[in-house]
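Below is input-v5.cif, holding mmCIF, C-alpha atoms.
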data_my_file
loop_
_atom_site.group_PDB
_atom_site.id
_atom_site.type_symbol
_atom_site.label_atom_id
_atom_site.label_comp_id
_atom_site.auth_asym_id
_atom_site.auth_seq_id
_atom_site.Cartn_x
_atom_site.Cartn_y
_atom_site.Cartn_z
ATOM 1 C CA MET V 130 69.102 81.791 131.602
ATOM 2 C CA ALA V 131 69.379 80.717 127.965
ATOM 3 C CA MET V 132 71.630 77.700 127.539
ATOM 4 C CA PRO V 133 73.299 77.393 124.128
ATOM 5 C CA PHE V 134 73.475 74.170 122.181
ATOM 6 C CA PRO V 135 75.551 73.463 119.062
ATOM 7 C CA ASP V 136 73.747 73.522 115.740
ATOM 8 C CA ALA V 137 74.796 71.796 112.499
ATOM 9 C CA VAL V 138 77.606 74.240 111.755
ATOM 10 C CA GLY V 139 78.994 74.558 115.263
ATOM 11 C CA LEU V 140 77.422 77.898 116.178
ATOM 12 C CA ASN V 141 75.727 78.356 119.513
ATOM 13 C CA ILE V 142 71.979 79.036 119.471
ATOM 14 C CA PRO V 143 70.239 80.125 122.693
ATOM 15 C CA LEU V 144 67.877 77.511 124.152
ATOM 16 C CA HIS V 145 64.933 79.888 123.936
ATOM 17 C CA MET V 146 65.215 79.727 120.138
ATOM 18 C CA MET V 147 65.402 75.939 120.008
ATOM 19 C CA VAL V 148 62.667 74.251 117.991
ATOM 20 C CA THR V 149 61.690 70.826 119.226
ATOM 21 C CA SER V 150 59.705 68.161 117.520
ATOM 22 C CA LEU V 151 57.145 66.283 119.570
ATOM 23 C CA VAL V 152 56.023 63.000 118.058
ATOM 24 C CA SER V 153 52.949 61.061 119.085
ATOM 25 C CA GLU V 154 51.778 57.834 117.561
ATOM 26 C CA SER V 155 48.191 56.635 117.441
ATOM 27 C CA GLY V 156 47.813 53.493 115.405
ATOM 28 C CA ASN V 157 49.693 53.989 112.131
ATOM 29 C CA THR V 158 49.457 57.799 112.171
ATOM 30 C CA VAL V 159 52.417 59.898 113.255
ATOM 31 C CA THR V 160 51.676 63.488 114.208
ATOM 32 C CA ARG V 161 54.493 66.036 114.527
ATOM 33 C CA THR V 162 53.970 69.187 116.517
ATOM 34 C CA PHE V 163 56.684 71.840 116.519
ATOM 35 C CA VAL V 164 57.101 73.915 119.642
ATOM 36 C CA VAL V 165 59.282 76.982 120.064
ATOM 37 C CA CYS V 166 60.640 77.081 123.595
ATOM 38 C CA THR V 167 60.867 80.590 124.987
ATOM 39 C CA VAL V 168 62.418 81.669 128.226
ATOM 40 C CA GLY V 169 62.041 85.424 127.820
ATOM 41 C CA MET V 170 65.723 86.113 127.143
ATOM 42 C CA ALA V 171 66.839 88.352 124.294
ATOM 43 C CA MET V 172 68.788 86.568 121.545
ATOM 44 C CA SER V 173 72.454 87.526 121.588
ATOM 45 C CA LEU V 174 73.934 89.093 118.461
ATOM 46 C CA PRO V 175 76.263 86.956 116.339
ATOM 47 C CA ASN V 176 79.989 87.613 116.609
ATOM 48 C CA TYR V 177 81.117 89.267 113.368
ATOM 49 C CA TYR V 178 84.650 87.857 113.365
ATOM 50 C CA SER V 179 86.659 86.517 110.461
ATOM 51 C CA TYR V 180 90.225 85.343 109.939
ATOM 52 C CA SER V 181 92.366 85.584 106.828
ATOM 53 C CA MET V 182 94.549 82.454 106.881
ATOM 54 C CA ALA V 183 98.268 83.051 107.319
ATOM 55 C CA VAL V 184 100.572 83.037 104.302
ATOM 56 C CA GLY V 185 104.321 82.467 104.211
ATOM 57 C CA ASP V 186 106.511 79.557 105.302
ATOM 58 C CA GLY V 187 105.910 80.158 109.003
ATOM 59 C CA SER V 188 109.345 79.437 110.425
ATOM 60 C CA GLY V 189 110.369 80.889 113.762
ATOM 61 C CA THR V 190 108.377 82.117 116.752
ATOM 62 C CA GLU V 191 104.666 82.947 116.863
ATOM 63 C CA TYR V 192 103.552 86.560 117.310
ATOM 64 C CA SER V 193 100.312 88.444 117.776
ATOM 65 C CA THR V 194 99.665 92.187 117.829
ATOM 66 C CA ALA V 195 96.374 91.775 119.756
ATOM 67 C CA TYR V 196 95.702 94.679 122.115
ATOM 68 C CA ASP V 197 92.709 96.546 123.554
ATOM 69 C CA GLY V 198 91.168 99.351 121.521
ATOM 70 C CA ARG V 199 91.130 100.358 117.880
ATOM 71 C CA ILE V 200 94.123 100.404 115.569
ATOM 72 C CA THR V 201 95.215 104.028 115.094
ATOM 73 C CA GLY V 202 98.660 103.644 113.525
ATOM 74 C CA ILE V 203 101.057 101.289 111.722
ATOM 75 C CA ARG V 204 104.852 101.126 111.525
ATOM 76 C CA VAL V 205 106.724 98.778 109.187
ATOM 77 C CA TRP V 206 110.476 98.174 108.954
ATOM 78 C CA GLU V 207 112.045 96.902 105.724
ATOM 79 C CA HIS V 208 115.418 95.174 105.399
ATOM 80 C CA SER V 209 117.450 97.165 102.819
ATOM 81 C CA ASN V 210 114.983 96.888 99.928
ATOM 82 C CA VAL V 211 114.517 93.156 100.517
ATOM 83 C CA TYR V 212 111.969 91.750 102.993
ATOM 84 C CA ILE V 213 109.846 93.033 105.881
ATOM 85 C CA ARG V 214 111.874 93.058 109.116
ATOM 86 C CA GLY V 215 109.318 94.276 111.625
ATOM 87 C CA ILE V 216 105.832 95.616 112.238
ATOM 88 C CA GLN V 217 104.161 97.536 115.039
ATOM 89 C CA LEU V 218 100.543 98.634 115.540
ATOM 90 C CA ARG V 219 99.203 101.470 117.673
ATOM 91 C CA TYR V 220 95.926 100.987 119.541
ATOM 92 C CA ASP V 221 94.273 104.185 120.816
ATOM 93 C CA GLY V 222 97.652 105.862 121.272
ATOM 94 C CA ASN V 223 99.523 102.841 122.703
ATOM 95 C CA TRP V 224 102.146 101.176 120.528
ATOM 96 C CA THR V 225 102.480 97.399 120.781
ATOM 97 C CA THR V 226 105.879 95.805 121.209
ATOM 98 C CA PRO V 227 107.480 95.677 117.747
ATOM 99 C CA VAL V 228 107.205 92.271 116.074
ATOM 100 C CA CYS V 229 110.658 90.896 115.137
ATOM 101 C CA THR V 230 112.933 93.942 114.906
ATOM 102 C CA SER V 231 112.703 97.722 114.931
ATOM 103 C CA ASN V 232 116.175 98.483 113.570
ATOM 104 C CA GLY V 233 116.318 101.394 111.169
ATOM 105 C CA SER V 234 113.673 103.913 110.204
ATOM 106 C CA PRO V 235 110.110 102.637 109.796
ATOM 107 C CA LEU V 236 107.532 103.767 107.297
ATOM 108 C CA GLU V 237 104.505 104.894 109.282
ATOM 109 C CA MET V 238 100.852 105.811 108.805
ATOM 110 C CA THR V 239 98.586 107.419 111.394
ATOM 111 C CA LEU V 240 94.876 106.749 110.950
ATOM 112 C CA ARG V 241 92.438 109.651 111.100
ATOM 113 C CA ASP V 242 89.288 109.807 113.231
ATOM 114 C CA ASN V 243 86.831 107.046 112.245
ATOM 115 C CA GLU V 244 89.330 105.598 109.734
ATOM 116 C CA THR V 245 89.948 101.845 109.839
ATOM 117 C CA ILE V 246 92.084 99.285 108.011
ATOM 118 C CA ILE V 247 89.866 97.300 105.652
ATOM 119 C CA GLN V 248 92.428 95.417 103.539
ATOM 120 C CA VAL V 249 95.936 94.005 103.922
ATOM 121 C CA SER V 250 97.764 92.711 100.872
ATOM 122 C CA GLY V 251 101.300 92.038 99.805
ATOM 123 C CA LYS V 252 103.787 89.452 98.584
ATOM 124 C CA TYR V 253 105.805 86.607 100.107
ATOM 125 C CA SER V 254 108.700 84.499 98.821
ATOM 126 C CA SER V 255 111.783 82.556 99.941
ATOM 127 C CA GLY V 256 110.667 82.330 103.567
ATOM 128 C CA TYR V 257 109.795 86.003 104.131
ATOM 129 C CA ILE V 258 107.052 88.555 103.635
ATOM 130 C CA TYR V 259 108.409 90.982 101.037
ATOM 131 C CA GLU V 260 105.644 93.549 100.747
ATOM 132 C CA PHE V 261 102.719 94.963 102.760
ATOM 133 C CA THR V 262 99.939 97.257 101.622
ATOM 134 C CA PHE V 263 97.452 98.455 104.230
ATOM 135 C CA VAL V 264 94.288 100.085 102.803
ATOM 136 C CA THR V 265 91.975 102.225 104.920
ATOM 137 C CA SER V 266 88.245 102.917 104.862
ATOM 138 C CA ARG V 267 89.064 106.364 103.418
ATOM 139 C CA GLY V 268 91.028 104.995 100.463
ATOM 140 C CA ARG V 269 94.449 105.865 101.877
ATOM 141 C CA PHE V 270 97.195 103.259 101.921
ATOM 142 C CA LEU V 271 100.645 102.467 103.271
ATOM 143 C CA LYS V 272 102.800 100.392 100.920
ATOM 144 C CA VAL V 273 106.132 99.031 102.158
ATOM 145 C CA GLY V 274 108.568 96.538 100.646
ATOM 146 C CA GLN V 275 109.398 94.946 97.341
ATOM 147 C CA PRO V 276 106.879 93.652 94.760
ATOM 148 C CA SER V 277 108.450 90.213 94.561
ATOM 149 C CA GLY V 278 106.874 86.791 95.116
ATOM 150 C CA THR V 279 103.404 85.319 95.508
ATOM 151 C CA SER V 280 100.563 87.772 96.120
ATOM 152 C CA PHE V 281 98.131 87.667 99.032
ATOM 153 C CA ASN V 282 95.039 89.768 99.718
ATOM 154 C CA PHE V 283 93.273 89.841 103.096
ATOM 155 C CA TYR V 284 89.892 91.456 103.748
ATOM 156 C CA PRO V 285 86.996 90.895 106.182
ATOM 157 C CA THR V 286 83.936 88.809 105.348
ATOM 158 C CA HIS V 287 81.439 91.060 107.184
ATOM 159 C CA ASP V 288 80.363 94.632 106.414
ATOM 160 C CA ARG V 289 81.714 97.267 108.819
ATOM 161 C CA SER V 290 84.502 94.930 109.977
ATOM 162 C CA GLU V 291 87.990 96.279 110.459
ATOM 163 C CA LEU V 292 91.439 94.873 111.136
ATOM 164 C CA ARG V 293 91.694 94.010 114.843
ATOM 165 C CA PHE V 294 95.145 92.413 114.916
ATOM 166 C CA LEU V 295 97.791 90.490 112.973
ATOM 167 C CA SER V 296 99.368 87.156 113.843
ATOM 168 C CA GLY V 297 101.922 84.826 112.311
ATOM 169 C CA ARG V 298 105.557 83.903 112.773
ATOM 170 C CA GLN V 299 108.935 85.658 112.726
ATOM 171 C CA ASN V 300 112.483 84.316 112.906
ATOM 172 C CA GLY V 301 114.431 87.243 114.380
ATOM 173 C CA ASN V 302 115.508 88.519 110.952
ATOM 174 C CA GLY V 303 112.088 89.185 109.464
ATOM 175 C CA ILE V 304 108.402 88.321 109.252
ATOM 176 C CA THR V 305 107.974 84.776 107.865
ATOM 177 C CA SER V 306 104.164 84.527 107.902
ATOM 178 C CA ILE V 307 101.147 86.740 108.493
ATOM 179 C CA GLY V 308 97.418 86.303 109.037
ATOM 180 C CA ALA V 309 94.750 88.957 109.665
ATOM 181 C CA HIS V 310 91.934 88.994 112.235
ATOM 182 C CA TRP V 311 88.829 91.084 111.477
ATOM 183 C CA ALA V 312 85.799 92.079 113.547
ATOM 184 C CA VAL V 313 83.118 94.727 113.916
ATOM 185 C CA TYR V 314 84.285 97.038 116.712
#

As structure tokens, how would this structure be written, given the file I've shared?
Amino acid sequence: MAMPFPDAVGLNIPLHMMVTSLVSESGNTVTRTFVVCTVGMAMSLPNYYSYSMAVGDGSGTEYSTAYDGRITGIRVWEHSNVYIRGIQLRYDGNWTTPVCTSNGSPLEMTLRDNETIIQVSGKYSSGYIYEFTFVTSRGRFLKVGQPSGTSFNFYPTHDRSELRFLSGRQNGNGITSIGAHWAVY
């Protein structure tokens, strides 16, 4: 079994890929021999995960929309042309519990087959998220809210990554912060 060890940047590298340095001294001469230790295990693939740091003031209670499967739909509730009141994601036909509130009529987008969310942007100000724009791999988008405040733009750092879930904080009246989690599915 390959045992991982931490490298200089905190990633785990299987033991069978570890390079060791053997040093022998004879007189004043130092000889270094490098040996690659192999155990016959296949090297595991790296985890293509990235996180877009949360924006907003972050007051209230933490939330996460994490769920099994792929995101196939989005619902967003807006408070009377002011700030974002609630959000809900659908994973393979199953809607998550709405984040914050689901009062009123949401704006909604259903993703098509093999369509993914590749960008989330918007604006935040005065303690709330005021605008969301979700962009898909097919160039479609859902834009909800008011273009007021400081802009943010979230996107993955790895090719073929897609939005996996959102997290942040909400205070019962609206969404106060948001971060995006990306991965190759």

Practice item. Please measure the separation of atom CA of V:Thr190 and atom CA of V:Tyr257, giving the value in Å to one decimal. Key: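 A separation of 13.3 Å between them.
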
Check your understanding: Care to translate the PyMOL selection byres ((chain V and resi 285) around 12) into actual residues of this file, as a VMD selection string?
Key -> chain V and resid 177 to 182 245 to 249 282 to 284 286 to 293 308 to 313

Review point. Taking (92.5, 106.5, 121.0) in the file's coordinates, which residues come within 12 Å, counting all atoms listed in the file, written as a ChimeraX atom specification?
Key: /V:197-202,219-224,239-244

Review point. What does the PyMOL selection byres ((chain V and resi 217) around 8) select in this file, as a PyMOL selection string?
Key: chain V and resi 194+203-205+215-216+218-219+224-228

Selection file, C-alpha atoms, as a PDB file, in the coordinates of the input:
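New file selection_27.pdb:
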ATOM      1  CA  THR V 194      99.665  92.187 117.829  1.00  0.00           C
ATOM      2  CA  ILE V 203     101.057 101.289 111.722  1.00  0.00           C
ATOM      3  CA  ARG V 204     104.852 101.126 111.525  1.00  0.00           C
ATOM      4  CA  VAL V 205     106.724  98.778 109.187  1.00  0.00           C
ATOM      5  CA  GLY V 215     109.318  94.276 111.625  1.00  0.00           C
ATOM      6  CA  ILE V 216     105.832  95.616 112.238  1.00  0.00           C
ATOM      7  CA  LEU V 218     100.543  98.634 115.540  1.00  0.00           C
ATOM      8  CA  ARG V 219      99.203 101.470 117.673  1.00  0.00           C
ATOM      9  CA  TRP V 224     102.146 101.176 120.528  1.00  0.00           C
ATOM     10  CA  THR V 225     102.480  97.399 120.781  1.00  0.00           C
ATOM     11  CA  THR V 226     105.879  95.805 121.209  1.00  0.00           C
ATOM     12  CA  PRO V 227     107.480  95.677 117.747  1.00  0.00           C
ATOM     13  CA  VAL V 228     107.205  92.271 116.074  1.00  0.00           C
TER      14      VAL V 228
END

**Study point:** Nearest to V:Asn210 by atom-to-atom distance, counting only C-alpha atoms, from V:Gln275, V:Thr230, V:Ser266, V:Ser250
**Key:**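 Counting only C-alpha atoms, the residue closest to V:Asn210 is V:Gln275.
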
**Study point:** Distance query V:Tyr212 at most 6 Å, all atoms listed in the file, self and fewer than 4 positions along chain excluded, as a list in words
**Key:**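 Near V:Tyr212, the qualifying residues are Glu207, His208, Ile258 and Tyr259 of chain V.
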
Once the PyMOL selection byres ((chain V and resi 253) around 12) has been applied to the shown file, what residues remain in the selection, as a compact mmCIF listing (two decimals) with C-alpha atoms, keeping the file's coordinate frame?
# COMPACT_ATOMS: atom_id res chain seq x y z
CA ALA V 183 98.27 83.05 107.32
CA VAL V 184 100.57 83.04 104.30
CA GLY V 185 104.32 82.47 104.21
CA ASP V 186 106.51 79.56 105.30
CA GLY V 187 105.91 80.16 109.00
CA VAL V 211 114.52 93.16 100.52
CA TYR V 212 111.97 91.75 102.99
CA ILE V 213 109.85 93.03 105.88
CA SER V 250 97.76 92.71 100.87
CA GLY V 251 101.30 92.04 99.80
CA LYS V 252 103.79 89.45 98.58
CA SER V 254 108.70 84.50 98.82
CA SER V 255 111.78 82.56 99.94
CA GLY V 256 110.67 82.33 103.57
CA TYR V 257 109.80 86.00 104.13
CA ILE V 258 107.05 88.56 103.64
CA TYR V 259 108.41 90.98 101.04
CA GLU V 260 105.64 93.55 100.75
CA PHE V 261 102.72 94.96 102.76
CA GLY V 274 108.57 96.54 100.65
CA GLN V 275 109.40 94.95 97.34
CA PRO V 276 106.88 93.65 94.76
CA SER V 277 108.45 90.21 94.56
CA GLY V 278 106.87 86.79 95.12
CA THR V 279 103.40 85.32 95.51
CA SER V 280 100.56 87.77 96.12
CA PHE V 281 98.13 87.67 99.03
CA ASN V 282 95.04 89.77 99.72
CA GLY V 303 112.09 89.18 109.46
CA ILE V 304 108.40 88.32 109.25
CA THR V 305 107.97 84.78 107.86
CA SER V 306 104.16 84.53 107.90
CA ILE V 307 101.15 86.74 108.49

Practice item. Rounded to one decimal place, report the atom CA of V:Gly268-atom CA of V:Cys229 distance in Å. Key: 28.3 Å

Review point. Suppose you want the space between atom CA of V:Gly301 and atom CA of V:Phe270; what is it in Å?
Key: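 Answer for the atom CA of V:Gly301 to atom CA of V:Phe270 separation: 26.6 Å.
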
Exercise for review: Using all atoms listed in the file, pick whichever of V:Ser296, V:Ser209, V:Ser231, V:Thr265 has the shortest atom-to-atom distance to V:Tyr192.
Suggested key: V:Ser296
